[in-house]
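A quick write-up on the structure given underneath.
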Amino acid sequence: RKEVEQDPGPFNVPEGATVAFNCTYSNSASQSFFWYRQDCRKEPKLLMSVYSSGNEDGRFTAQLNRASQYISLLIRDSKLSDSATYLCVGNNAGNMLTFGGGTRLMVKP
Amino acid sequence: DGGITQSPKYLFRKEGQNVTLSCEQNLNHDAMYWYRQDPGQGLRLIYYSQIVNDFQKGDIAEGYSVSREKKESFPLTVTSAQKNPTAFYLCASSIDRGSSASGEQFFGPGTRLTVL
């Protein structure tokens, strides 16, 4: 079983829609979690950190549920420019990052 | 501009040849990392280095080698022992390994290696 698992998608949504991705993790020792964004054939870039109390940054909201070992990312009012692959990332006990396989989002006009 | 550079962007090699991928950073970061990404998969850690002249194996180090003679540079050699070397290779850096707690790793643009 992979340490961090994501639905690969693609999620095809119209502009303006709200879309949510979930991610599950198996290593209960993981200390912190993040969402990275990766555009096609480009490098990943940190989108936001994920806190148990929830973290909101504009149209993006991230949430961590430690009891159920899942992380979520909610995108409101989707824009065409949100089309990308979203990587769920955990920081394990060795302080190294573990990446999920990514969820692909396609926002259409 | 501060950042991480990788060269070349695309690389083609014949099977059985060693090839070295370049990674340079001018962010004054102590820690550097090499990842491999295959289509539809997450990044897998090959090697990392926390300080000059020291490096550690990651999850898939077999068939790869690295050096860290300078803080700014962390080249990766893909040897002929690597059975399936065709992939997208990403180099990253962070202030130190401890800063992984903040998730802040900065990535270079990557090198696409194709072995023919």
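Each chain in the structure tokens gets a letter, A, B and so on, in the order shown; residues start at 1 in every chain, and ligands are counted from 1 in the order they appear.
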Dump as a list in words the residues of chain A that approach chain B to within 7 Å, counting only C-alpha atoms.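 Here they are: Ser32, Phe34, Lys42, Glu43, Pro44, Leu46, Asn91, Asn95, Met96, Leu97, Phe99, Gly100, Gly101 and Gly102 of chain A.
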List every residue of chain A that DSSP, applied to the backbone of this structure, assigns to strand (DSSP E), and report them as an MDAnalysis selection string. chainID A and resid 4:6 11:14 19:25 32:38 44:50 55:57 60:65 70:75 84:91 97:99 103:108
If you keep C-alpha atoms, can you produce a file of those selected residues as a PDB file, in the first residue's frame?
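Okay, result-v7.pdb is ready:
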ATOM      1  CA  VAL A   4       0.006   8.608   0.411  1.00  0.00           C
ATOM      2  CA  GLU A   5      -2.855   7.727  -1.944  1.00  0.00           C
ATOM      3  CA  GLN A   6      -4.878   9.940  -4.225  1.00  0.00           C
ATOM      4  CA  PHE A  11     -11.677  15.669 -12.491  1.00  0.00           C
ATOM      5  CA  ASN A  12     -13.376  17.574 -15.310  1.00  0.00           C
ATOM      6  CA  VAL A  13     -15.325  20.572 -13.995  1.00  0.00           C
ATOM      7  CA  PRO A  14     -16.830  23.699 -15.554  1.00  0.00           C
ATOM      8  CA  VAL A  19     -14.295  20.765  -6.566  1.00  0.00           C
ATOM      9  CA  ALA A  20     -12.841  18.721  -3.724  1.00  0.00           C
ATOM     10  CA  PHE A  21      -9.975  16.239  -3.646  1.00  0.00           C
ATOM     11  CA  ASN A  22      -9.224  13.774  -0.897  1.00  0.00           C
ATOM     12  CA  CYS A  23      -6.011  12.048  -0.036  1.00  0.00           C
ATOM     13  CA  THR A  24      -5.384   9.250   2.485  1.00  0.00           C
ATOM     14  CA  TYR A  25      -2.184   8.422   4.287  1.00  0.00           C
ATOM     15  CA  SER A  32       2.508  17.522   8.678  1.00  0.00           C
ATOM     16  CA  PHE A  33       0.908  17.651   5.262  1.00  0.00           C
ATOM     17  CA  PHE A  34       0.909  19.888   2.224  1.00  0.00           C
ATOM     18  CA  TRP A  35      -0.626  20.364  -1.172  1.00  0.00           C
ATOM     19  CA  TYR A  36       1.675  21.012  -4.106  1.00  0.00           C
ATOM     20  CA  ARG A  37       0.560  22.061  -7.568  1.00  0.00           C
ATOM     21  CA  GLN A  38       2.264  20.695 -10.675  1.00  0.00           C
ATOM     22  CA  PRO A  44       5.879  20.989  -8.396  1.00  0.00           C
ATOM     23  CA  LYS A  45       5.331  24.133  -6.350  1.00  0.00           C
ATOM     24  CA  LEU A  46       4.037  24.427  -2.797  1.00  0.00           C
ATOM     25  CA  LEU A  47       0.377  25.473  -2.812  1.00  0.00           C
ATOM     26  CA  MET A  48      -0.446  25.397   0.884  1.00  0.00           C
ATOM     27  CA  SER A  49       0.083  23.662   4.188  1.00  0.00           C
ATOM     28  CA  VAL A  50      -2.649  21.601   5.830  1.00  0.00           C
ATOM     29  CA  ASN A  55      -6.326  26.386   6.341  1.00  0.00           C
ATOM     30  CA  GLU A  56      -7.894  28.805   3.879  1.00  0.00           C
ATOM     31  CA  ASP A  57      -6.102  30.811   1.220  1.00  0.00           C
ATOM     32  CA  PHE A  60      -8.521  27.203  -1.579  1.00  0.00           C
ATOM     33  CA  THR A  61      -9.291  25.408   1.679  1.00  0.00           C
ATOM     34  CA  ALA A  62      -7.264  22.515   3.057  1.00  0.00           C
ATOM     35  CA  GLN A  63      -8.245  20.273   5.934  1.00  0.00           C
ATOM     36  CA  LEU A  64      -6.595  17.450   7.873  1.00  0.00           C
ATOM     37  CA  ASN A  65      -8.520  14.694   9.648  1.00  0.00           C
ATOM     38  CA  TYR A  70      -7.194  11.859   5.251  1.00  0.00           C
ATOM     39  CA  ILE A  71      -6.463  15.283   3.846  1.00  0.00           C
ATOM     40  CA  SER A  72      -8.749  17.347   1.656  1.00  0.00           C
ATOM     41  CA  LEU A  73      -8.409  20.274  -0.721  1.00  0.00           C
ATOM     42  CA  LEU A  74     -11.429  22.336  -1.728  1.00  0.00           C
ATOM     43  CA  ILE A  75     -11.300  24.756  -4.638  1.00  0.00           C
ATOM     44  CA  ALA A  84      -3.107  21.207 -13.057  1.00  0.00           C
ATOM     45  CA  THR A  85      -2.149  18.146 -11.055  1.00  0.00           C
ATOM     46  CA  TYR A  86      -2.450  18.502  -7.289  1.00  0.00           C
ATOM     47  CA  LEU A  87      -0.008  16.490  -5.204  1.00  0.00           C
ATOM     48  CA  CYS A  88      -0.778  15.500  -1.647  1.00  0.00           C
ATOM     49  CA  VAL A  89       2.435  15.426   0.398  1.00  0.00           C
ATOM     50  CA  GLY A  90       3.249  14.124   3.867  1.00  0.00           C
ATOM     51  CA  ASN A  91       6.219  14.822   6.061  1.00  0.00           C
ATOM     52  CA  LEU A  97       8.516  14.418   2.123  1.00  0.00           C
ATOM     53  CA  THR A  98       6.380  11.589   0.729  1.00  0.00           C
ATOM     54  CA  PHE A  99       4.396  12.441  -2.404  1.00  0.00           C
ATOM     55  CA  THR A 103      -4.962  14.257  -8.823  1.00  0.00           C
ATOM     56  CA  ARG A 104      -5.441  15.842 -12.203  1.00  0.00           C
ATOM     57  CA  LEU A 105      -7.925  18.708 -12.499  1.00  0.00           C
ATOM     58  CA  MET A 106      -9.230  20.055 -15.792  1.00  0.00           C
ATOM     59  CA  VAL A 107     -11.380  23.162 -15.653  1.00  0.00           C
ATOM     60  CA  LYS A 108     -13.339  23.772 -18.837  1.00  0.00           C
TER      61      LYS A 108
END
Counting only C-alpha atoms, which residue out of A:Ser53, A:Leu80, A:Glu3, A:Arg59 sits closest to A:Ser28?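 Using only C-alpha atoms, the shortest distance to A:Ser28 belongs to A:Glu3.
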Please list as an NGL selection string every residue within 12 Å of stretch 21-25 of chain B, counting only C-alpha atoms and excluding residues in the same chain fewer than 6 positions away. :B and (1-13 or 31-35 or 64-79 or 88-95 or 106-113)
For B:Ile46, the nearest of the candidates B:Leu27, B:Thr114, B:Gln82, B:Val19, counting only C-alpha atoms: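 Of all the options, B:Gln82 lies closest to B:Ile46.
Using only C-alpha atoms, the nearest neighbour of B:Gly16 within the list B:Ile60, B:Ala87, B:Val52, B:Ala81 is B:Ala81.
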So the first atom is atom CA of A:Cys40 and the second is atom CA of A:Ser83; what is the distance between them in Å, to one decimal place? 9.2 Å
Report, in Å with one decimal, the straight-line distance from atom CA of B:Asp96 to atom CA of B:Asp30.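 Separation of atom CA of B:Asp96 and atom CA of B:Asp30: 5.1 Å.
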